[in-house]
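Quick look at model_37.tsv (TSV, C-alpha atoms and all ligand atoms):
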chain	number	residue	atom	x	y	z
A	1	MET	CA	-155.93	-107.84	-67.51
A	2	LYS	CA	-154.06	-109.42	-70.40
A	3	LYS	CA	-150.89	-107.76	-71.66
A	4	ASP	CA	-152.54	-107.19	-75.04
A	5	GLN	CA	-155.28	-105.11	-73.42
A	6	ILE	CA	-152.89	-102.45	-72.10
A	7	THR	CA	-153.24	-99.05	-73.76
A	8	THR	CA	-150.05	-98.19	-75.61
A	9	PRO	CA	-147.41	-96.89	-75.42
A	10	ALA	CA	-146.81	-98.45	-72.01
A	11	LEU	CA	-143.87	-99.49	-69.89
A	12	LEU	CA	-143.73	-103.22	-69.09
A	13	VAL	CA	-141.55	-105.08	-66.66
A	14	ASP	CA	-141.17	-108.83	-67.12
A	15	LEU	CA	-141.60	-110.00	-63.52
A	16	ASP	CA	-139.72	-113.30	-63.96
A	17	ALA	CA	-136.68	-111.49	-65.38
A	18	MET	CA	-136.81	-108.63	-62.86
A	19	GLU	CA	-137.11	-111.02	-59.89
A	20	SER	CA	-134.26	-113.12	-61.23
A	21	ASN	CA	-132.08	-109.96	-61.37
A	22	LEU	CA	-133.17	-108.94	-57.87
A	23	HIS	CA	-132.26	-112.33	-56.36
A	24	CYS	CA	-129.07	-112.77	-58.38
A	25	MET	CA	-127.67	-109.44	-57.12
A	26	ALA	CA	-128.90	-110.08	-53.54
A	27	ALA	CA	-127.18	-113.50	-53.60
A	28	PHE	CA	-123.88	-111.92	-54.68
A	29	PHE	CA	-123.83	-109.66	-51.62
A	30	ARG	CA	-125.43	-112.02	-49.07
A	31	ASP	CA	-122.18	-113.41	-47.60
A	32	ARG	CA	-119.84	-110.57	-48.47
A	33	ALA	CA	-118.55	-107.82	-46.20
A	34	CYS	CA	-119.48	-105.33	-48.89
A	35	LYS	CA	-123.21	-104.59	-49.21
A	36	LEU	CA	-125.60	-103.29	-51.87
A	37	ARG	CA	-127.21	-99.85	-51.73
A	38	PRO	CA	-129.11	-99.79	-55.07
A	39	HIS	CA	-129.50	-96.62	-57.11
A	40	PHE	CA	-133.12	-95.39	-57.15
A	41	LYS	CA	-132.80	-93.11	-60.19
A	42	ASN	CA	-132.99	-96.10	-62.53
A	43	HIS	CA	-136.62	-97.06	-61.73
A	44	LYS	CA	-137.90	-94.25	-59.46
A	45	THR	CA	-140.44	-96.75	-58.12
A	46	PRO	CA	-140.87	-97.00	-54.34
A	47	LEU	CA	-142.36	-100.52	-54.50
A	48	LEU	CA	-139.25	-101.75	-56.34
A	49	ALA	CA	-136.98	-99.98	-53.81
A	50	LEU	CA	-138.83	-101.76	-50.99
A	51	LYS	CA	-138.32	-105.10	-52.78
A	52	GLN	CA	-134.57	-104.32	-53.02
A	53	VAL	CA	-134.37	-103.51	-49.30
A	54	ARG	CA	-136.35	-106.63	-48.39
A	55	ALA	CA	-133.87	-108.63	-50.49
A	56	GLY	CA	-130.97	-107.35	-48.34
A	57	ALA	CA	-130.00	-103.86	-49.54
A	58	ILE	CA	-128.73	-101.68	-46.66
A	59	GLY	CA	-130.56	-98.56	-47.88
A	60	MET	CA	-130.89	-96.69	-51.17
A	61	THR	CA	-128.68	-94.47	-53.31
A	62	CYS	CA	-130.25	-91.63	-55.29
A	63	ALA	CA	-129.24	-88.63	-57.40
A	64	THR	CA	-131.51	-85.76	-56.28
A	65	VAL	CA	-133.10	-84.32	-53.16
A	66	ARG	CA	-136.53	-85.02	-54.66
A	67	GLU	CA	-135.63	-88.72	-55.02
A	68	ALA	CA	-134.44	-88.72	-51.41
A	69	GLU	CA	-137.75	-87.17	-50.36
A	70	ILE	CA	-139.70	-89.93	-52.15
A	71	LEU	CA	-137.58	-92.58	-50.42
A	72	VAL	CA	-138.04	-90.95	-47.00
A	73	SER	CA	-141.82	-90.85	-47.50
A	74	HIS	CA	-141.74	-94.62	-48.15
A	75	GLY	CA	-139.86	-95.37	-44.96
A	76	ILE	CA	-136.32	-95.92	-46.29
A	77	GLY	CA	-134.13	-95.14	-43.28
A	78	SER	CA	-130.68	-94.67	-44.84
A	79	ILE	CA	-130.18	-92.73	-48.07
A	80	LEU	CA	-127.01	-91.82	-49.95
A	81	ILE	CA	-127.30	-88.96	-52.45
A	82	ALA	CA	-124.37	-89.95	-54.67
A	83	ASN	CA	-124.29	-86.53	-56.22
A	84	GLU	CA	-123.36	-82.96	-55.37
A	85	ILE	CA	-126.03	-80.67	-53.86
A	86	ALA	CA	-125.37	-76.94	-53.96
A	87	GLY	CA	-127.23	-73.79	-52.98
A	88	ASP	CA	-129.29	-72.87	-49.92
A	89	THR	CA	-132.69	-74.00	-51.24
A	90	LYS	CA	-131.68	-77.60	-51.83
A	91	ALA	CA	-129.43	-77.70	-48.77
A	92	GLU	CA	-132.35	-76.60	-46.56
A	93	TRP	CA	-134.66	-79.17	-48.20
A	94	LEU	CA	-132.05	-81.83	-47.47
A	95	ALA	CA	-131.61	-80.63	-43.89
A	96	ASP	CA	-135.37	-81.00	-43.36
A	97	LEU	CA	-135.25	-84.56	-44.69
A	98	SER	CA	-132.37	-85.43	-42.36
A	99	ARG	CA	-134.86	-85.23	-39.47
A	100	HIS	CA	-136.55	-88.38	-40.82
A	101	ALA	CA	-133.70	-90.56	-42.12
A	102	SER	CA	-129.95	-90.88	-42.14
A	103	MET	CA	-129.18	-88.53	-45.06
A	104	ILE	CA	-125.70	-88.96	-46.52
A	105	VAL	CA	-124.64	-86.70	-49.38
A	106	ALA	CA	-121.57	-86.50	-51.62
A	107	VAL	CA	-119.42	-83.37	-51.45
A	108	ASP	CA	-116.46	-82.45	-53.64
A	109	ASN	CA	-116.03	-78.75	-52.84
A	110	ARG	CA	-116.03	-76.32	-49.93
A	111	GLY	CA	-118.85	-74.15	-51.30
A	112	ALA	CA	-121.38	-76.99	-51.30
A	113	ALA	CA	-120.14	-78.22	-47.91
A	114	ALA	CA	-120.61	-74.72	-46.48
A	115	ASP	CA	-124.18	-74.55	-47.88
A	116	LEU	CA	-125.03	-77.90	-46.25
A	117	ALA	CA	-123.45	-76.89	-42.95
A	118	ARG	CA	-125.35	-73.58	-42.88
A	119	ALA	CA	-128.63	-75.38	-43.62
A	120	GLN	CA	-128.12	-77.94	-40.84
A	121	ARG	CA	-127.22	-75.21	-38.34
A	122	ASP	CA	-130.34	-73.20	-39.27
A	123	ARG	CA	-132.57	-76.29	-39.12
A	124	LYS	CA	-130.77	-77.77	-36.07
A	125	THR	CA	-130.30	-81.14	-37.79
A	126	GLN	CA	-127.35	-83.35	-38.74
A	127	ILE	CA	-126.33	-83.95	-42.35
A	128	GLU	CA	-123.83	-86.71	-43.09
A	129	VAL	CA	-121.36	-86.50	-45.97
A	130	VAL	CA	-119.03	-88.68	-47.99
A	131	ILE	CA	-116.12	-87.05	-49.79
A	132	ASP	CA	-116.61	-87.66	-53.52
A	133	ILE	CA	-113.39	-88.63	-55.33
A	134	ASP	CA	-113.00	-88.62	-59.12
A	135	ILE	CA	-111.73	-92.09	-60.06
A	136	GLY	CA	-111.65	-91.48	-63.80
A	137	LEU	CA	-115.18	-90.56	-64.91
A	138	ASN	CA	-114.13	-86.92	-65.12
A	139	ARG	CA	-117.46	-85.66	-63.78
A	140	CYS	CA	-117.77	-84.71	-60.10
A	141	GLY	CA	-115.21	-85.55	-57.42
A	142	THR	CA	-112.12	-84.12	-55.82
A	143	GLN	CA	-108.67	-85.74	-56.06
A	144	ALA	CA	-107.80	-88.77	-53.96
A	145	GLY	CA	-105.38	-88.42	-51.03
A	146	GLU	CA	-104.53	-85.04	-49.45
A	147	PRO	CA	-107.16	-82.94	-51.35
A	148	ALA	CA	-109.90	-85.35	-50.16
A	149	LEU	CA	-108.54	-85.24	-46.59
A	150	ASP	CA	-108.40	-81.44	-46.69
A	151	LEU	CA	-112.09	-81.31	-47.70
A	152	ALA	CA	-113.03	-83.83	-44.99
A	153	ARG	CA	-111.31	-81.65	-42.37
A	154	PHE	CA	-113.18	-78.60	-43.67
A	155	ALA	CA	-116.54	-80.46	-43.55
A	156	LEU	CA	-115.84	-81.54	-39.96
A	157	SER	CA	-114.86	-78.01	-38.95
A	158	GLU	CA	-118.23	-76.83	-40.30
A	159	GLY	CA	-120.09	-79.38	-38.16
A	160	LEU	CA	-120.96	-81.91	-40.87
A	161	LYS	CA	-120.66	-85.59	-39.97
A	162	VAL	CA	-118.07	-87.22	-42.26
A	163	ARG	CA	-119.03	-90.87	-42.90
A	164	GLY	CA	-116.36	-91.67	-45.46
A	165	ILE	CA	-115.72	-91.67	-49.19
A	166	MET	CA	-117.39	-92.36	-52.52
A	167	GLY	CA	-116.28	-92.45	-56.16
A	168	TYR	CA	-118.22	-93.63	-59.20
A	169	ASP	CA	-116.49	-95.51	-62.03
A	170	GLY	CA	-119.13	-94.66	-64.64
A	171	HIS	CA	-116.57	-94.68	-67.47
A	172	LEU	CA	-116.05	-98.43	-66.94
A	173	GLN	CA	-119.68	-99.58	-66.60
A	174	GLY	CA	-120.32	-100.39	-70.25
A	175	VAL	CA	-116.82	-101.70	-71.04
A	176	ALA	CA	-116.67	-105.40	-71.93
A	177	LYS	CA	-115.08	-107.60	-69.29
A	178	SER	CA	-111.32	-108.14	-69.74
A	179	PRO	CA	-108.26	-108.37	-67.45
A	180	GLU	CA	-107.37	-104.74	-68.37
A	181	ARG	CA	-110.84	-103.46	-67.50
A	182	ASP	CA	-110.88	-105.38	-64.21
A	183	GLU	CA	-107.50	-103.88	-63.32
A	184	LEU	CA	-108.82	-100.36	-63.98
A	185	ILE	CA	-111.80	-101.07	-61.68
A	186	ARG	CA	-109.40	-102.26	-58.96
A	187	GLN	CA	-107.26	-99.14	-59.37
A	188	GLY	CA	-110.35	-96.96	-58.79
A	189	SER	CA	-111.30	-98.96	-55.70
A	190	LYS	CA	-107.71	-98.76	-54.46
A	191	ALA	CA	-107.72	-94.94	-54.73
A	192	LEU	CA	-110.84	-94.86	-52.53
A	193	VAL	CA	-109.57	-97.40	-49.98
A	194	ASP	CA	-106.14	-95.70	-49.75
A	195	SER	CA	-107.85	-92.34	-49.13
A	196	ALA	CA	-110.01	-93.98	-46.45
A	197	ALA	CA	-106.83	-95.22	-44.74
A	198	LEU	CA	-105.42	-91.68	-44.87
A	199	PHE	CA	-108.59	-90.36	-43.20
A	200	GLU	CA	-108.28	-93.00	-40.46
A	201	ARG	CA	-104.63	-92.12	-39.85
A	202	ALA	CA	-105.70	-88.49	-39.50
A	203	GLY	CA	-108.24	-89.51	-36.84
A	204	ILE	CA	-111.36	-89.40	-39.05
A	205	PRO	CA	-113.29	-92.69	-38.71
A	206	VAL	CA	-114.57	-94.11	-42.02
A	207	SER	CA	-117.69	-96.29	-42.10
A	208	ILE	CA	-118.57	-95.91	-45.81
A	209	VAL	CA	-116.43	-96.48	-48.89
A	210	SER	CA	-118.95	-96.57	-51.76
A	211	THR	CA	-118.47	-97.16	-55.48
A	212	GLY	CA	-119.51	-99.33	-58.42
A	213	GLY	CA	-122.46	-100.01	-60.67
A	214	THR	CA	-124.05	-102.87	-62.56
A	215	GLY	CA	-121.05	-103.40	-64.84
A	216	THR	CA	-118.35	-103.21	-62.15
A	217	HIS	CA	-120.01	-104.55	-58.97
A	218	ALA	CA	-118.43	-108.00	-59.13
A	219	ILE	CA	-114.89	-106.55	-59.05
A	220	SER	CA	-115.29	-103.56	-56.72
A	221	GLY	CA	-117.70	-105.54	-54.49
A	222	ASP	CA	-114.83	-107.96	-53.80
A	223	TYR	CA	-112.14	-105.32	-53.27
A	224	PRO	CA	-111.09	-105.28	-49.58
A	225	GLY	CA	-112.17	-102.06	-47.90
A	226	ILE	CA	-115.07	-101.21	-50.26
A	227	THR	CA	-118.14	-101.26	-48.00
A	228	GLU	CA	-120.99	-100.67	-50.44
A	229	ILE	CA	-121.97	-100.69	-54.13
A	230	GLN	CA	-124.33	-98.22	-55.87
A	231	ALA	CA	-125.59	-100.43	-58.75
A	232	GLY	CA	-128.95	-99.46	-60.22
A	233	SER	CA	-129.52	-100.74	-63.77
A	234	TYR	CA	-129.24	-104.41	-62.85
A	235	LEU	CA	-132.95	-104.67	-62.04
A	236	LEU	CA	-134.32	-103.49	-65.41
A	237	MET	CA	-131.08	-103.78	-67.39
A	238	ASP	CA	-129.92	-101.71	-70.31
A	239	THR	CA	-129.03	-103.26	-73.64
A	240	ILE	CA	-125.55	-101.75	-73.22
A	241	TYR	CA	-124.84	-104.19	-70.35
A	242	VAL	CA	-126.01	-107.27	-72.24
A	243	ASN	CA	-123.01	-109.15	-73.67
A	244	ARG	CA	-120.72	-107.24	-71.29
A	245	GLY	CA	-120.55	-110.12	-68.84
A	246	ALA	CA	-123.18	-108.89	-66.34
A	247	PRO	CA	-125.29	-111.87	-65.17
A	248	PHE	CA	-128.66	-110.12	-65.56
A	249	GLN	CA	-131.50	-110.19	-68.09
A	250	ARG	CA	-133.35	-107.31	-69.67
A	251	SER	CA	-136.73	-106.98	-67.94
A	252	LEU	CA	-137.91	-103.61	-69.26
A	253	THR	CA	-139.75	-103.10	-72.55
A	254	VAL	CA	-142.10	-100.54	-74.04
A	255	LEU	CA	-145.30	-101.96	-75.51
A	256	ALA	CA	-146.45	-100.26	-78.73
A	257	THR	CA	-149.14	-100.76	-81.37
A	258	VAL	CA	-148.63	-100.93	-85.14
A	259	ILE	CA	-150.70	-98.04	-86.54
A	260	SER	CA	-149.79	-98.11	-90.23
A	261	VAL	CA	-148.21	-100.59	-92.68
A	262	LYS	CA	-147.14	-100.04	-96.29
A	263	GLU	CA	-147.16	-102.63	-99.06
A	264	SER	CA	-143.35	-102.74	-98.77
A	265	GLY	CA	-143.66	-103.96	-95.18
A	266	HIS	CA	-142.54	-100.66	-93.66
A	267	ALA	CA	-144.55	-100.10	-90.49
A	268	VAL	CA	-145.19	-97.32	-87.97
A	269	LEU	CA	-145.67	-97.73	-84.21
A	270	ASP	CA	-147.50	-95.37	-81.82
A	271	CYS	CA	-144.35	-94.91	-79.77
A	272	GLY	CA	-141.77	-92.14	-80.19
A	273	VAL	CA	-139.26	-90.28	-78.06
A	274	LYS	CA	-142.05	-89.27	-75.69
A	275	ALA	CA	-142.34	-92.94	-74.66
A	276	ILE	CA	-138.90	-94.46	-75.20
A	277	SER	CA	-135.47	-92.86	-75.05
A	278	GLY	CA	-133.28	-92.84	-78.16
A	279	GLU	CA	-130.31	-91.85	-76.00
A	280	ARG	CA	-127.43	-94.34	-76.37
A	281	GLY	CA	-128.82	-95.76	-79.63
A	282	LEU	CA	-132.13	-96.66	-81.20
A	283	PRO	CA	-134.35	-99.20	-79.44
A	284	THR	CA	-134.64	-102.71	-80.87
A	285	LEU	CA	-137.66	-104.96	-81.37
A	286	LYS	CA	-138.03	-107.79	-78.88
A	287	ASP	CA	-139.93	-110.51	-80.71
A	288	ALA	CA	-139.92	-109.44	-84.34
A	289	PRO	CA	-136.84	-110.89	-86.00
A	290	GLY	CA	-136.74	-109.68	-89.57
A	291	ALA	CA	-137.74	-106.12	-88.70
A	292	GLN	CA	-135.65	-103.19	-87.54
A	293	LEU	CA	-136.44	-99.84	-85.94
A	294	THR	CA	-134.93	-97.11	-88.12
A	295	ALA	CA	-136.13	-93.83	-86.60
A	296	LEU	CA	-137.94	-92.34	-83.63
A	297	HIS	CA	-140.15	-89.27	-84.04
A	298	ALA	CA	-142.02	-87.59	-81.19
A	299	GLU	CA	-145.01	-89.98	-81.33
A	300	HIS	CA	-143.91	-92.55	-83.94
A	301	ALA	CA	-141.34	-95.28	-84.44
A	302	LEU	CA	-140.52	-96.31	-88.00
A	303	ILE	CA	-139.95	-99.98	-88.73
A	304	LYS	CA	-138.25	-101.41	-91.81
A	305	PRO	CA	-138.28	-105.07	-92.83
A	306	GLU	CA	-134.84	-106.67	-93.18
A	307	PRO	CA	-133.98	-107.61	-96.81
A	308	ASP	CA	-135.62	-110.94	-97.74
A	309	SER	CA	-137.68	-110.92	-94.57
A	310	ARG	CA	-141.17	-112.39	-94.82
A	311	VAL	CA	-142.23	-110.71	-91.58
A	312	LYS	CA	-145.09	-108.32	-92.12
A	313	LEU	CA	-146.51	-106.52	-89.15
A	314	GLU	CA	-150.28	-106.04	-89.08
A	315	VAL	CA	-152.12	-102.87	-88.16
A	316	GLY	CA	-153.33	-103.24	-84.56
A	317	GLU	CA	-150.61	-105.76	-83.66
A	318	LYS	CA	-148.71	-105.11	-80.43
A	319	VAL	CA	-144.91	-105.24	-80.31
A	320	GLU	CA	-142.37	-104.75	-77.53
A	321	LEU	CA	-139.23	-102.63	-77.76
A	322	TRP	CA	-136.01	-102.92	-75.78
A	323	ALA	CA	-134.79	-99.53	-74.56
A	324	ASN	CA	-131.05	-98.91	-74.68
A	325	TYR	CA	-131.17	-96.60	-71.68
A	326	SER	CA	-133.70	-97.49	-68.99
A	327	ASP	CA	-133.07	-94.40	-66.77
A	328	ALA	CA	-134.19	-92.02	-69.50
A	329	THR	CA	-137.11	-94.25	-70.58
A	330	VAL	CA	-138.64	-94.81	-67.13
A	331	ASN	CA	-138.55	-91.07	-66.59
A	332	LEU	CA	-141.11	-90.65	-69.44
A	333	HIS	CA	-143.81	-92.75	-67.73
A	334	SER	CA	-146.04	-92.66	-64.65
A	335	HIS	CA	-146.28	-96.41	-64.07
A	336	PHE	CA	-145.01	-99.85	-65.01
A	337	TYR	CA	-147.15	-102.89	-65.78
A	338	GLY	CA	-145.63	-105.94	-64.12
A	339	VAL	CA	-146.31	-108.85	-66.52
A	340	ARG	CA	-146.03	-112.62	-66.09
A	341	ASN	CA	-147.22	-115.25	-68.59
A	342	GLY	CA	-149.01	-112.59	-70.64
A	343	GLN	CA	-151.03	-111.31	-67.66
A	344	VAL	CA	-150.65	-108.02	-65.78
A	345	GLU	CA	-149.93	-109.04	-62.20
A	346	GLU	CA	-148.98	-105.70	-60.63
A	347	VAL	CA	-148.98	-102.01	-61.54
A	348	TYR	CA	-146.09	-99.98	-60.06
A	349	ARG	CA	-146.27	-96.22	-59.66
A	350	ILE	CA	-143.21	-94.26	-60.82
A	351	GLU	CA	-142.63	-91.15	-58.70
A	352	HIS	CA	-141.35	-87.89	-60.13
B	401	LIG	C1	-123.17	-91.88	-59.19
B	401	LIG	C2	-123.77	-93.13	-59.74
B	401	LIG	N1	-123.70	-94.25	-59.01
B	401	LIG	C3	-124.24	-95.41	-59.44
B	401	LIG	C4	-124.88	-95.48	-60.66
B	401	LIG	C5	-125.52	-96.79	-61.07
B	401	LIG	O1	-124.89	-97.38	-62.12
B	401	LIG	P1	-125.64	-98.51	-62.96
B	401	LIG	O2	-126.97	-97.96	-63.35
B	401	LIG	O3	-124.75	-98.73	-64.09
B	401	LIG	O4	-125.78	-99.68	-62.09
B	401	LIG	C6	-124.95	-94.35	-61.48
B	401	LIG	C7	-125.58	-94.42	-62.81
B	401	LIG	O5	-125.45	-93.61	-63.67
B	401	LIG	C8	-124.39	-93.13	-61.00
B	401	LIG	O6	-124.43	-92.00	-61.72

Spit out the file's structure as structure tokens when you get a sec.
Amino acid sequence: MKKDQITTPALLVDLDAMESNLHCMAAFFRDRACKLRPHFKNHKTPLLALKQVRAGAIGMTCATVREAEILVSHGIGSILIANEIAGDTKAEWLADLSRHASMIVAVDNRGAAADLARAQRDRKTQIEVVIDIDIGLNRCGTQAGEPALDLARFALSEGLKVRGIMGYDGHLQGVAKSPERDELIRQGSKALVDSAALFERAGIPVSIVSTGGTGTHAISGDYPGITEIQAGSYLLMDTIYVNRGAPFQRSLTVLATVISVKESGHAVLDCGVKAISGERGLPTLKDAPGAQLTALHAEHALIKPEPDSRVKLEVGEKVELWANYSDATVNLHSHFYGVRNGQVEEVYRIEH
């Protein structure tokens, strides 16, 4: 099928760009002690996760028990839930999954650790945990040092297997590269590595110290003692990372059709917030210089010509949009069309 024959709105992935991102990130980690465990929440596509593992990833990171379940059902053997899981229902679901794969989950409080421990006792399984440390994002995570060690001791006393430490520097991902930013990334990594050393001195072996994302991987991935990186967006790439020094290309677009054009050149596309996220800023047009997206409605995008522009979109014409936030855009679709040279080469199923 040709790209132009796809029913819109539709999610496209440019295979050349996506494969270049895949290999570029794999090459970075190939000869390093630190390894890549890509975040699944970005694409939610098992076939892409399998490509990442085949390219050298040591397993997958994810955000929810449902995502972990999808990964287990596609044969991924080692899964880090880089997020807090609380309550008996989810803890029991997780305990069931830990029969089929190494299931490692972040904990930052005793209540959640106790829920996980109870679930694994009831289900007679073994859940593994990493102590989640807040390194500046101000979201989840306990404090580095003694508070983290105290929680690790509690988790052990409850029968959980403590694998190590994680901390996510989300507040630094979209910050443009500079010596100051790089120093902040190193400080976050240092807090994790120092806490890992404290665990070791207290007799708790540490095999995982996990951090980082697309914007910070090159600094934290080189920091001695960091064992793995959780980057996700690098494969599809968000506009926010472009011009921030990350060596990846945008591969994700949404294909839309022009459904109405006014004499003034103002046009309307069949693609609104139900097909592309407006989170983190309005999408931009890929190949239509001279035109600008000005608003997203539920099922429509409004396009305005730039002053003096001669560009006039035609009814029925197809255009591609860059999403600013791929996580929230992928989540709106059931599949991707993998496109090369104008032809659909593969269709990937997105799992929810
Ligand atoms: C805990 C955690 N780790 C890793 C990532 C991946 O970061 P990125 O998509 O910037 O590579 C995210 C993304 O939000 C995250 O929340």

I'd like the neighbourhood of A:His300 as number ranges by chain, where a residue qualifies if any of its atoms comes within 8 Å (using all atoms listed in the file), though same-chain residues fewer than 3 positions away should be ignored. A: 268-273, 296-297

Option closest in space to ligand LIG 401 (chain B), from A:Arg201, A:His217, A:Arg181, A:Arg66 [counting only C-alpha atoms and all ligand atoms]: A:His217

May I have the residues within 7 Å of ligand LIG 401 (chain B), computed using all atoms listed in the file, as a list in words?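 The distance check yields His39, Asn42, Ala82, Asn83, Tyr168, Gly170, Gln173, Thr211, Gly212, Gly213, Thr214, Gly215, Gln230, Ala231, Gly232, Ser233 and Tyr234 of chain A.
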
Would you mind exporting C-alpha atoms of the selected residues as a short mmCIF file (atom, residue, chain, number, x, y, z; two decimals), in the coordinates of the input?
data_model
loop_
_atom_site.label_atom_id
_atom_site.label_comp_id
_atom_site.auth_asym_id
_atom_site.auth_seq_id
_atom_site.Cartn_x
_atom_site.Cartn_y
_atom_site.Cartn_z
CA HIS A 39 -129.50 -96.62 -57.11
CA ASN A 42 -132.99 -96.10 -62.53
CA ALA A 82 -124.37 -89.95 -54.67
CA ASN A 83 -124.29 -86.53 -56.22
CA TYR A 168 -118.22 -93.63 -59.20
CA GLY A 170 -119.13 -94.66 -64.64
CA GLN A 173 -119.68 -99.58 -66.60
CA THR A 211 -118.47 -97.16 -55.48
CA GLY A 212 -119.51 -99.33 -58.42
CA GLY A 213 -122.46 -100.01 -60.67
CA THR A 214 -124.05 -102.87 -62.56
CA GLY A 215 -121.05 -103.40 -64.84
CA GLN A 230 -124.33 -98.22 -55.87
CA ALA A 231 -125.59 -100.43 -58.75
CA GLY A 232 -128.95 -99.46 -60.22
CA SER A 233 -129.52 -100.74 -63.77
CA TYR A 234 -129.24 -104.41 -62.85
#

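Straight-line separation from atom CA of A:Ile185 to atom CA of A:Gly221: 10.3 Å.
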
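Distances from A:Ile350, A:Val344, A:Val261, A:Met166 to A:Val311 were compared using all atoms listed in the file, and the smallest one belongs to A:Val261.
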
Test item: residues at most 10 Å from A:Gly278, all atoms listed in the file, excluding those fewer than 2 positions along its chain, as a list in words: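 The filter keeps Gly272, Val273, Lys274, Ala275, Ile276, Arg280, Gly281, Leu282, Pro283, Ala295, Leu296, His297, Ala323, Asn324, Tyr325, Ala328 and Thr329 of chain A.
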
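In this structure, atom CA of A:Asp150 sits 18.1 Å away from atom CA of A:Ser207.
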
Protein, DNA and RNA residues within 8 Å of (-109.4, -76.6, -49.1), only C-alpha atoms, as a VMD selection string: chain A and resid 109 to 110 147 150 to 151 154

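Residues surrounding A:Cys140 within 10 Å are Asn83, Glu84, Ala106, Val107, Asp108, Asn109, Asp132, Ile133, Asp134, Ile135, Gly167 and Tyr168 of chain A [all atoms listed in the file; sequence separation below 5 positions excluded].
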
What's the 12 Å shell around A:Leu198, counting all atoms listed in the file, without same-chain residues fewer than 5 positions away, as a ChimeraX atom specification? /A:144-150,152-153,164-165,191-193,203-206

Among the residues A:Gly159, A:Arg121, A:Phe29, A:Val53, the one that comes closest to A:Ala218 [using only C-alpha atoms]: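 Closest to A:Ala218 of all the choices is A:Phe29.
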
Check the smallest atom-to-atom distance from each of A:Ala256, A:Pro9, A:Ser210, A:Leu71 to A:Glu228 using all atoms listed in the file, then report the winner. A:Ser210

Any idea what the distance is between atom CA of A:Asp88 and atom CA of A:Leu137?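 We find that atom CA of A:Asp88 and atom CA of A:Leu137 lie 27.1 Å from each other.
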
Polymer residues at most 10 Å from (-132.0, -88.6, -41.2) by all atoms listed in the file, as a list of chain:residue names: A:Val72, A:Ile76, A:Gly77, A:Ser78, A:Ile79, A:Leu94, A:Ala95, A:Asp96, A:Leu97, A:Ser98, A:Arg99, A:His100, A:Ala101, A:Ser102, A:Met103, A:Ile104, A:Thr125, A:Gln126, A:Ile127, A:Glu128

Selected residue, from A:Asp327, A:Asp222, A:Glu158, A:Asp122, that lies nearest to A:Asp238 when counting all atoms listed in the file: A:Asp327

Between A:Ser189, A:Thr8, A:Gln292, A:Thr64, single out the one closest to A:Pro307, counting all atoms listed in the file.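 Checking each of A:Ser189, A:Thr8, A:Gln292, A:Thr64 against A:Pro307, counting all atoms listed in the file, the winner is A:Gln292.
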
Stretch 330-336 of chain A surroundings by only C-alpha atoms, 6 Å radius, close-in-sequence under 6 positions cut, as an MDAnalysis selection string: chainID A and resid 11:12 275 347:350
